[in-house]
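Novice: What follows is a single structure, and I will ask about it in a moment.
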Amino acid sequence: MNKPQSLALQRQLIAQLASGELRSGEWLAEQAGISRAAIARHIDQLQEIGLDIYSIKGKGYRLAQAISLLDINQMKAHQPNLAAEILLQHLTDSTNSQLLKKIQDGQAMQRGAVLVAEAQSAGRGRRGNTWISPFGSNLYFSMYWPLEQGIQAAMGLSLVVAVAVAELLEQHYQLPIKLKWPNDIYLGGQKLGGILVELAGQSHAHCDVVIGLGLNVQMPAGSASAISQPFTDLAQHVSAPIDRNWLVPALQQQLCTIMQQFEQSGFSAYVNRFNQRDLWHGQTVTISSATTQHSGVCRGVDQQGALLLEQNGVISSYYGGELSLRGNVHG
């Protein structure tokens with residue numbers, strides 16, 4: 001079976017299991033027109049991409065918990081008129097990588113176009129870290145934006161995106177979101193999401209921006225052991241089910257609005273909005289690179305988005321890049 005056929009069959013299997021009900025291998029094989037042994041092989045592959053499927057001997061298969069799949073038509077129904085397109089992939093290496101490839105291949109994209117995936121095989125965070133991306137559980141979201149002023153105009157952009165996401169989650173779910181410089185979203189002292197902004201272009205001429213967001217919505221228990229730091233998800237803090245088909249277009253609209261404002265005003269309009277949510281504000285932190293380490297009191301960020309660290313009464317500025325920030329709990 002070739003890869004497109006295999007993916008189509010896996011999508012069908014996932015849809016049949018999504019309700020959380022028990023389905024016999026015989027029934028699944030009949031529906032797909034393949035053998036029960038082939039069904040078992042596809043189930044193994046789905047388990048490998050993070051689907052928590054129980055195999056019950058002699059009875060069949062069921063998901064540990066029901067899932068609501070992303071649906072292009074449902075997402076479109078929540079978009080305003082003339083919104084840029086939303087692309088949906090079943091499984092991809094990385095939504096950021098896919099958009100960057102489109103840019104490199106010279107494909108025309110609308111400003112604000114979004115790519116989302118149900119799972120990522122090679123999700124990425126900052127500094128080469130892996131982003132655990134199980135199927136159908138969380139949000140793996142990337143948006144395209146052209147910046148005519150060039151790469152220098154992107155100073156502080158990851159913080160602006162963090163503010164935009166925080167404000168949406170606060171308004172819609174009434175959650176007390178905190179932000180950790182330079183790109184993390186926290187809730188209850190634990191990591192809820194991360195942002196990865198990647199740029200392609202020149203310092204003073206047109207550049208293309210890919211804004212990546214990984215947001216934990218309902219992390220399966222089976223994936224938790226692969227995550228090396230304390231984390232949380234929206235489902236632990238929100239009583240109603242999280243509708244990802246609403247959340248994707250809502251984030252697209254929020255980010256398009258804030259990007260238009262950012263192009264006009266730069267980062268200075270967001271300094272206070274970031275600092276009032278700063279996870280480590282007023283606390284002792286350590287900022288480190290591969291070769292250096294500095295400790296002091298976090299004083300928020302400045303007009304360019306640099307971290308302000310007070311050491312012996314002197315405040316110094318530190319810019320993102322390959323720096324890592326730690327406080328008195330794991331961060």
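For the structure tokens, the naming scheme is as follows: chains receive sequential letters (A, B, ...) according to their order of presentation, residues are indexed from 1 within each chain, and ligands are indexed from 1 in presentation order.
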With 8 Å as the cut-off and only C-alpha atoms counted, what is the closest atom pair between each nearby residue of range 70-189 of chain A and range 261-266 of chain A? Distances in Å to one decimal, ordered by chain and number, as a Markdown table.

Specialist:
```
| residue | atom | partner | partner_atom | distance |
| --- | --- | --- | --- | --- |
| A:Leu147 | CA | A:Glu263 | CA | 7.8 |
| A:Ala153 | CA | A:Gly266 | CA | 7.3 |
| A:Met155 | CA | A:Gly266 | CA | 8.0 |
| A:Val160 | CA | A:Phe262 | CA | 7.8 |
```

Novice: Output as a PyMOL selection string all residues of range 14-246 of chain A that backbone DSSP marks as alpha helix (DSSP H).

Specialist: chain A and resi 14-17+25-32+36-48+72-77+95-104+157-173+221-224+244-246

Novice: Once you have the residues from the selection above, write them out as a compact mmCIF listing (two decimals), in the first residue's frame, restricted to C-alpha atoms.

Specialist:
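Output contents, as saved in again_23.txt:
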```txt
# COMPACT_ATOMS: atom_id res chain seq x y z
CA ILE A 14 -8.88 7.34 13.63
CA ALA A 15 -12.35 8.66 12.71
CA GLN A 16 -13.86 5.25 13.54
CA LEU A 17 -12.09 5.13 16.91
CA GLY A 25 -10.71 -5.79 14.43
CA GLU A 26 -13.07 -7.75 12.18
CA TRP A 27 -15.43 -4.76 11.75
CA LEU A 28 -12.53 -2.35 11.11
CA ALA A 29 -11.06 -4.75 8.53
CA GLU A 30 -14.43 -5.07 6.77
CA GLN A 31 -14.84 -1.28 6.60
CA ALA A 32 -11.33 -0.83 5.19
CA ARG A 36 -7.26 -7.99 10.34
CA ALA A 37 -3.45 -8.42 10.37
CA ALA A 38 -3.14 -5.25 8.26
CA ILE A 39 -5.45 -3.43 10.69
CA ALA A 40 -3.18 -4.50 13.56
CA ARG A 41 -0.13 -3.08 11.72
CA HIS A 42 -1.89 0.26 11.17
CA ILE A 43 -2.93 0.35 14.84
CA ASP A 44 0.74 -0.14 15.80
CA GLN A 45 1.72 2.80 13.58
CA LEU A 46 -0.98 5.00 15.13
CA GLN A 47 0.29 4.13 18.60
CA GLU A 48 3.78 5.18 17.50
CA ILE A 72 -11.29 22.17 7.83
CA ASN A 73 -15.00 22.94 7.32
CA GLN A 74 -15.57 23.59 11.02
CA MET A 75 -12.51 25.85 11.20
CA LYS A 76 -13.64 27.78 8.10
CA ALA A 77 -17.07 28.30 9.66
CA THR A 95 4.43 22.73 10.79
CA ASN A 96 7.19 25.38 10.85
CA SER A 97 9.37 23.27 8.56
CA GLN A 98 6.48 22.82 6.12
CA LEU A 99 5.85 26.58 5.85
CA LEU A 100 9.58 27.31 5.52
CA LYS A 101 9.75 24.77 2.70
CA LYS A 102 6.88 26.53 0.90
CA ILE A 103 8.84 29.80 1.20
CA GLN A 104 12.05 28.17 -0.09
CA LEU A 157 8.41 39.37 17.97
CA SER A 158 8.29 36.13 20.00
CA LEU A 159 7.25 38.20 23.06
CA VAL A 160 4.51 39.93 21.05
CA VAL A 161 3.18 36.55 19.90
CA ALA A 162 3.25 35.32 23.51
CA VAL A 163 1.21 38.36 24.59
CA ALA A 164 -1.31 37.72 21.80
CA VAL A 165 -1.78 34.08 22.81
CA ALA A 166 -1.99 34.98 26.51
CA GLU A 167 -4.65 37.63 25.92
CA LEU A 168 -6.80 35.23 23.88
CA LEU A 169 -6.58 32.48 26.51
CA GLU A 170 -7.32 34.97 29.30
CA GLN A 171 -10.34 36.43 27.52
CA HIS A 172 -11.89 33.16 26.35
CA TYR A 173 -11.01 30.76 29.18
CA ALA A 221 -1.04 10.12 29.74
CA GLY A 222 1.19 7.97 27.54
CA SER A 223 3.13 11.01 26.28
CA ALA A 224 3.81 12.58 29.66
CA ARG A 244 -9.62 23.14 18.70
CA ASN A 245 -11.71 23.91 15.60
CA TRP A 246 -12.64 27.23 17.24
```

Novice: Just give me the gap between CA of Val297 in chain A and CA of Val285 in chain A in Å, one decimal is fine.

Specialist: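 It comes out at 6.0 Å.
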